[in-house]
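Written out below as structure tokens is the structure these notes cover.
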Amino acid sequence: MLTLVTGTTGQVGRRFVPRLLAQTRQGERVRVLVREAARGERFAELGAEVVVGDLRDAESLGKAVAGVDAVVNVAASFRGVPDEEAWAVNRDAAVALGRAALASGVRRFVQVSTGMVYGVGRGRPLVEEDESRPGGTMWGAYSESKVAAERELLALDGMDVRVGRLPFVYGEGDPHLANSLMWARNWAAAQRLHMGHHADVAQGLLRLLHAPGVAGRIYNIADDAPVTAVELHQLNGVEVPAELQEHTDPDPWFGIMSTERIRRELGYRPLYPTVWAARDAGAL
């Protein structure tokens with residue numbers, strides 16, 4: 001089995017690939033697509049094959065998927081990018097990769113998506129059947145481009161596509177936890193953020209990759225307990241602004257996902273059920 005992984009230099013991909021390599025069995029190989037050879041050196045040292053190319057280039061896609069059995073598409077463009085780039089990477093390039101994979105005989109395709117595709121809350125934890133309803137606090141076209149990619153990939157006839165929707169990812173030196181204060185400092189004190197440690201995101205994606213009989217399924221991946229704006233300040237060792245107590249949460253269920261499906265069907269159990277557990281384990 002040869003598995004291709006894209007987006008390997010981002011925060012999720014760079015931590016997922018070593019875990020995938022560590023679990024390979026005899027006869028299993030991992031290939032990574034990087035835009036510059038230097039960015040692939042670390043993965044090559046760990047045993048991965050490296051293909052240099054751009055996800056938005058048809059020739060690069062052809063080289064990347066040649067002989068591949070499975071694809072894990074982690075690539076994404078979101079924070080601080082123009083909407084045109086978000087659509088180009090998150091939808092257009094993802095769908096082009098899916099079509100190239102299908103043409104090359106790839107059997108399985110894991111699309112890494114986001115819980116932000118749900119949009120506004122529903123007054124309860126979000127489940128995979130909930131439709132996308134744009135709204136709330138979002139990063140430009142990120143969520144809309146990701147759900148568009150999901151739909152087009154799942155509609156491909158002849159390839160086993162499954163989707164993993166991620167929460168706010170943190171851990172292992174990822175600056176996301178500190179970055180959360182850009183938003184949390186303006187939130188209500190009890191406003192919540194659903195999170196997932198990199199170890200658990202990798203666990204979830206590996207379960208999606210290897211599970212038989214789940215073609216066309218979508219799975220939320222997250223930890224057990226969203227954290228409040230107050231806790232985000234505490235975790236970052238920053239004084240809690242007094243004005244948080246004066247703010248009101250406009251959508252208390254925004255981004256809060258149910259993980260019942262991945263637990264029941266794939267046996268997922270977070271290694272770090274809460275960010276506090278990760279802190280106590282020295283895994284932040």
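Going by the structure tokens order, chains are called A, B, ..., each with residues numbered from 1, while ligands are numbered from 1 in the order shown.
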
(Q) If we count only C-alpha atoms and set the cut-off at 9 Å, which residues sit around Tyr142 of chain A, ignoring sequence neighbours fewer than 2 positions away in its own chain? Please answer as a ChimeraX atom specification. (A) /A:76-79,83,86-87,90,116-117,138-140,144-147

Which residues of segment 44-131 of chain A sit at most 6 Å from segment 162-168 of chain A, using only C-alpha atoms? Give each one's shortest atom pair and distance in Å (one decimal place), in chain and ascending residue order, as a tab-separated table.
residue	atom	partner	partner_atom	distance
A:Val110	CA	A:Arg162	CA	5.1
A:Gln111	CA	A:Val163	CA	4.7
A:Val112	CA	A:Gly164	CA	5.0
A:Ser113	CA	A:Arg165	CA	4.5
A:Thr114	CA	A:Arg165	CA	4.2
A:Gly115	CA	A:Arg165	CA	5.1

(Q) With only C-alpha atoms as the counted atoms, please give the residues lying no more than 9 Å from segment 247-249 of chain A, apart from itself and same-chain residues fewer than 6 positions off, as a PyMOL selection string. (A) chain A and resi 186-192

Sorted by chain and rising residue number, list the residues of segment 164-226 of chain A at most 9 Å from segment 13-32 of chain A (counting only C-alpha atoms), each with its closest atom pair and distance in Å to one decimal, as CSV.
residue,atom,partner,partner_atom,distance
A:Glu172,CA,A:Arg15,CA,8.6
A:His198,CA,A:Arg15,CA,6.9
A:Ala199,CA,A:Phe16,CA,8.0
A:Val201,CA,A:Phe16,CA,8.0
A:Ala202,CA,A:Phe16,CA,5.3
A:Gln203,CA,A:Arg19,CA,8.7
A:Leu205,CA,A:Phe16,CA,8.5
A:Leu206,CA,A:Leu20,CA,7.3

Same residues, C-alpha atoms, saved as a CSV table (one decimal), in the first residue's frame:
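And here is the file that came out, part_12.csv:
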chain,number,residue,atom,x,y,z
A,172,GLU,CA,3.2,20.0,20.4
A,198,HIS,CA,-2.6,16.9,17.2
A,199,ALA,CA,-2.2,13.4,18.5
A,201,VAL,CA,-6.3,14.5,15.0
A,202,ALA,CA,-3.7,12.0,13.7
A,203,GLN,CA,-5.5,9.2,15.5
A,205,LEU,CA,-7.3,10.5,10.4
A,206,LEU,CA,-5.5,7.2,10.7

Q.
Which residues are close to His233 of chain A, i.e. within 12 Å by only C-alpha atoms, leaving aside same-chain residues fewer than 3 positions away? Reply as a VMD selection string.
A. chain A and resid 177 to 187 189 to 190 227 to 230 236 to 242 244

Taking N, CA, C and O atoms for each residue, export the selection above as an mmCIF file, in the first residue's frame.
data_model
loop_
_atom_site.group_PDB
_atom_site.id
_atom_site.type_symbol
_atom_site.label_atom_id
_atom_site.label_comp_id
_atom_site.auth_asym_id
_atom_site.auth_seq_id
_atom_site.Cartn_x
_atom_site.Cartn_y
_atom_site.Cartn_z
ATOM 1 N N LEU A 177 -2.659 27.685 19.941
ATOM 2 C CA LEU A 177 -3.206 27.952 21.272
ATOM 3 C C LEU A 177 -2.996 29.418 21.645
ATOM 4 O O LEU A 177 -3.911 30.074 22.159
ATOM 5 N N ALA A 178 -1.810 29.947 21.376
ATOM 6 C CA ALA A 178 -1.558 31.365 21.638
ATOM 7 C C ALA A 178 -2.371 32.242 20.692
ATOM 8 O O ALA A 178 -2.898 33.290 21.082
ATOM 9 N N ASN A 179 -2.512 31.789 19.434
ATOM 10 C CA ASN A 179 -3.275 32.558 18.460
ATOM 11 C C ASN A 179 -4.743 32.696 18.841
ATOM 12 O O ASN A 179 -5.416 33.634 18.416
ATOM 13 N N SER A 180 -5.243 31.752 19.632
ATOM 14 C CA SER A 180 -6.663 31.779 19.994
ATOM 15 C C SER A 180 -7.048 33.054 20.728
ATOM 16 O O SER A 180 -8.206 33.465 20.704
ATOM 17 N N LEU A 181 -6.074 33.705 21.352
ATOM 18 C CA LEU A 181 -6.384 34.919 22.105
ATOM 19 C C LEU A 181 -6.747 36.083 21.192
ATOM 20 O O LEU A 181 -7.345 37.071 21.651
ATOM 21 N N MET A 182 -6.403 35.982 19.913
ATOM 22 C CA MET A 182 -6.811 37.027 18.977
ATOM 23 C C MET A 182 -8.327 37.161 18.941
ATOM 24 O O MET A 182 -8.866 38.242 18.707
ATOM 25 N N TRP A 183 -9.011 36.039 19.138
ATOM 26 C CA TRP A 183 -10.474 36.051 19.152
ATOM 27 C C TRP A 183 -11.020 36.042 20.571
ATOM 28 O O TRP A 183 -11.948 36.766 20.887
ATOM 29 N N ALA A 184 -10.423 35.207 21.426
ATOM 30 C CA ALA A 184 -10.968 35.009 22.769
ATOM 31 C C ALA A 184 -10.953 36.282 23.603
ATOM 32 O O ALA A 184 -11.788 36.438 24.502
ATOM 33 N N ARG A 185 -10.053 37.203 23.330
ATOM 34 C CA ARG A 185 -10.005 38.434 24.122
ATOM 35 C C ARG A 185 -11.231 39.320 23.886
ATOM 36 O O ARG A 185 -11.478 40.250 24.664
ATOM 37 N N ASN A 186 -11.963 39.027 22.811
ATOM 38 C CA ASN A 186 -13.175 39.794 22.512
ATOM 39 C C ASN A 186 -14.455 38.993 22.741
ATOM 40 O O ASN A 186 -15.546 39.460 22.413
ATOM 41 N N TRP A 187 -14.329 37.789 23.289
ATOM 42 C CA TRP A 187 -15.479 36.919 23.483
ATOM 43 C C TRP A 187 -16.152 37.181 24.823
ATOM 44 O O TRP A 187 -15.612 37.888 25.688
ATOM 45 N N ALA A 189 -17.151 35.617 28.463
ATOM 46 C CA ALA A 189 -16.330 34.787 29.357
ATOM 47 C C ALA A 189 -16.572 33.298 29.156
ATOM 48 O O ALA A 189 -15.640 32.487 29.181
ATOM 49 N N ALA A 190 -17.845 32.923 28.947
ATOM 50 C CA ALA A 190 -18.197 31.507 28.825
ATOM 51 C C ALA A 190 -18.235 31.019 27.383
ATOM 52 O O ALA A 190 -18.590 29.866 27.131
ATOM 53 N N VAL A 227 -13.345 24.449 25.496
ATOM 54 C CA VAL A 227 -12.832 25.327 26.549
ATOM 55 C C VAL A 227 -13.396 26.732 26.381
ATOM 56 O O VAL A 227 -13.710 27.163 25.269
ATOM 57 N N THR A 228 -13.514 27.452 27.481
ATOM 58 C CA THR A 228 -14.088 28.797 27.460
ATOM 59 C C THR A 228 -13.007 29.842 27.195
ATOM 60 O O THR A 228 -11.799 29.572 27.299
ATOM 61 N N ALA A 229 -13.468 31.057 26.908
ATOM 62 C CA ALA A 229 -12.541 32.165 26.699
ATOM 63 C C ALA A 229 -11.691 32.405 27.947
ATOM 64 O O ALA A 229 -10.494 32.712 27.843
ATOM 65 N N VAL A 230 -12.292 32.261 29.113
ATOM 66 C CA VAL A 230 -11.534 32.420 30.357
ATOM 67 C C VAL A 230 -10.417 31.384 30.427
ATOM 68 O O VAL A 230 -9.264 31.701 30.747
ATOM 69 N N ASN A 236 -2.883 30.189 28.481
ATOM 70 C CA ASN A 236 -1.795 30.969 27.910
ATOM 71 C C ASN A 236 -1.062 31.810 28.946
ATOM 72 O O ASN A 236 -0.148 32.564 28.602
ATOM 73 N N GLY A 237 -1.472 31.680 30.211
ATOM 74 C CA GLY A 237 -0.806 32.424 31.271
ATOM 75 C C GLY A 237 -1.019 33.917 31.184
ATOM 76 O O GLY A 237 -0.138 34.707 31.557
ATOM 77 N N VAL A 238 -2.186 34.308 30.696
ATOM 78 C CA VAL A 238 -2.497 35.721 30.485
ATOM 79 C C VAL A 238 -3.657 36.116 31.390
ATOM 80 O O VAL A 238 -4.596 35.346 31.598
ATOM 81 N N GLU A 239 -3.612 37.321 31.912
ATOM 82 C CA GLU A 239 -4.687 37.816 32.765
ATOM 83 C C GLU A 239 -5.996 37.881 31.978
ATOM 84 O O GLU A 239 -6.016 38.293 30.815
ATOM 85 N N VAL A 240 -7.062 37.478 32.607
ATOM 86 C CA VAL A 240 -8.374 37.483 31.958
ATOM 87 C C VAL A 240 -8.915 38.907 31.943
ATOM 88 O O VAL A 240 -9.088 39.526 33.004
ATOM 89 N N PRO A 241 -9.195 39.463 30.753
ATOM 90 C CA PRO A 241 -9.718 40.831 30.691
ATOM 91 C C PRO A 241 -11.061 40.940 31.409
ATOM 92 O O PRO A 241 -11.939 40.096 31.237
ATOM 93 N N ALA A 242 -11.230 41.989 32.180
ATOM 94 C CA ALA A 242 -12.467 42.166 32.944
ATOM 95 C C ALA A 242 -13.672 42.314 32.026
ATOM 96 O O ALA A 242 -14.781 41.886 32.372
ATOM 97 N N LEU A 244 -14.538 40.694 29.506
ATOM 98 C CA LEU A 244 -15.148 39.447 29.052
ATOM 99 C C LEU A 244 -16.467 39.188 29.761
ATOM 100 O O LEU A 244 -17.391 38.605 29.188
#

Q) Quick one: distance from atom CA of Met195 of chain A to atom CA of Thr274 of chain A in Å, one decimal? A) 8.1 Å

Output as a PDB file with C-alpha atoms, in the first residue's frame all residues of segment 28-115 of chain A that backbone DSSP marks as strand (DSSP E or B).
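Done, and the output landed in out-v4.pdb:
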ATOM      1  CA  ARG A  29       4.986   3.153   1.953  1.00  0.00           C
ATOM      2  CA  VAL A  30       4.288   6.849   2.368  1.00  0.00           C
ATOM      3  CA  ARG A  31       4.739   9.564  -0.252  1.00  0.00           C
ATOM      4  CA  VAL A  32       4.574  13.302   0.440  1.00  0.00           C
ATOM      5  CA  LEU A  33       3.989  16.171  -1.967  1.00  0.00           C
ATOM      6  CA  VAL A  34       6.004  19.312  -1.197  1.00  0.00           C
ATOM      7  CA  GLU A  49       9.133   9.184  -0.669  1.00  0.00           C
ATOM      8  CA  VAL A  50       9.191  12.846  -1.697  1.00  0.00           C
ATOM      9  CA  VAL A  51       7.578  14.328  -4.797  1.00  0.00           C
ATOM     10  CA  VAL A  52       8.259  17.985  -5.509  1.00  0.00           C
ATOM     11  CA  ALA A  70      -4.692   5.949  -0.903  1.00  0.00           C
ATOM     12  CA  VAL A  71      -4.592   9.725  -0.523  1.00  0.00           C
ATOM     13  CA  VAL A  72      -4.855  11.862   2.609  1.00  0.00           C
ATOM     14  CA  ASN A  73      -5.457  15.445   1.503  1.00  0.00           C
ATOM     15  CA  ARG A 108      -9.293   5.415  -1.082  1.00  0.00           C
ATOM     16  CA  PHE A 109      -9.322   9.186  -0.537  1.00  0.00           C
ATOM     17  CA  VAL A 110      -9.426  10.909   2.869  1.00  0.00           C
ATOM     18  CA  GLN A 111     -10.427  14.559   2.646  1.00  0.00           C
ATOM     19  CA  VAL A 112      -9.429  16.625   5.660  1.00  0.00           C
ATOM     20  CA  SER A 113     -12.057  19.283   6.280  1.00  0.00           C
ATOM     21  CA  THR A 114     -13.212  21.510   9.119  1.00  0.00           C
TER      22      THR A 114
END

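Contact shell of Ala278 of chain A at 12 Å (only C-alpha atoms; same-chain neighbours under 4 positions omitted): Tyr170, Gly171, Glu172, Gly173, Leu177, Met195, Gly196, His197, His198, Ala199, Asp200, Asp223, Leu235, Pro270, Leu271, Tyr272, Pro273, Thr274, Gly282, Ala283 and Leu284 of chain A.
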
Write a file of the just-selected residues containing C-alpha atoms, as a PDB file, in the first residue's frame.
ATOM      1  CA  TYR A 170      -3.398  22.570  19.069  1.00  0.00           C
ATOM      2  CA  GLY A 171      -0.451  20.924  20.851  1.00  0.00           C
ATOM      3  CA  GLU A 172       3.198  19.980  20.441  1.00  0.00           C
ATOM      4  CA  GLY A 173       4.393  23.539  20.026  1.00  0.00           C
ATOM      5  CA  LEU A 177      -3.206  27.952  21.272  1.00  0.00           C
ATOM      6  CA  MET A 195     -10.388  21.783  20.227  1.00  0.00           C
ATOM      7  CA  GLY A 196      -8.424  18.677  19.343  1.00  0.00           C
ATOM      8  CA  HIS A 197      -4.820  17.760  20.071  1.00  0.00           C
ATOM      9  CA  HIS A 198      -2.566  16.879  17.151  1.00  0.00           C
ATOM     10  CA  ALA A 199      -2.176  13.359  18.538  1.00  0.00           C
ATOM     11  CA  ASP A 200      -5.942  12.877  18.425  1.00  0.00           C
ATOM     12  CA  ASP A 223     -11.850  16.199  22.104  1.00  0.00           C
ATOM     13  CA  LEU A 235      -3.865  28.247  29.529  1.00  0.00           C
ATOM     14  CA  PRO A 270      -9.119  11.002  22.611  1.00  0.00           C
ATOM     15  CA  LEU A 271      -5.677  10.492  24.102  1.00  0.00           C
ATOM     16  CA  TYR A 272      -6.119  13.996  25.512  1.00  0.00           C
ATOM     17  CA  PRO A 273      -9.830  14.348  26.366  1.00  0.00           C
ATOM     18  CA  THR A 274      -9.303  17.995  27.303  1.00  0.00           C
ATOM     19  CA  GLY A 282       3.363  18.361  28.998  1.00  0.00           C
ATOM     20  CA  ALA A 283       1.947  18.000  25.483  1.00  0.00           C
ATOM     21  CA  LEU A 284       1.074  21.620  24.732  1.00  0.00           C
TER      22      LEU A 284
END
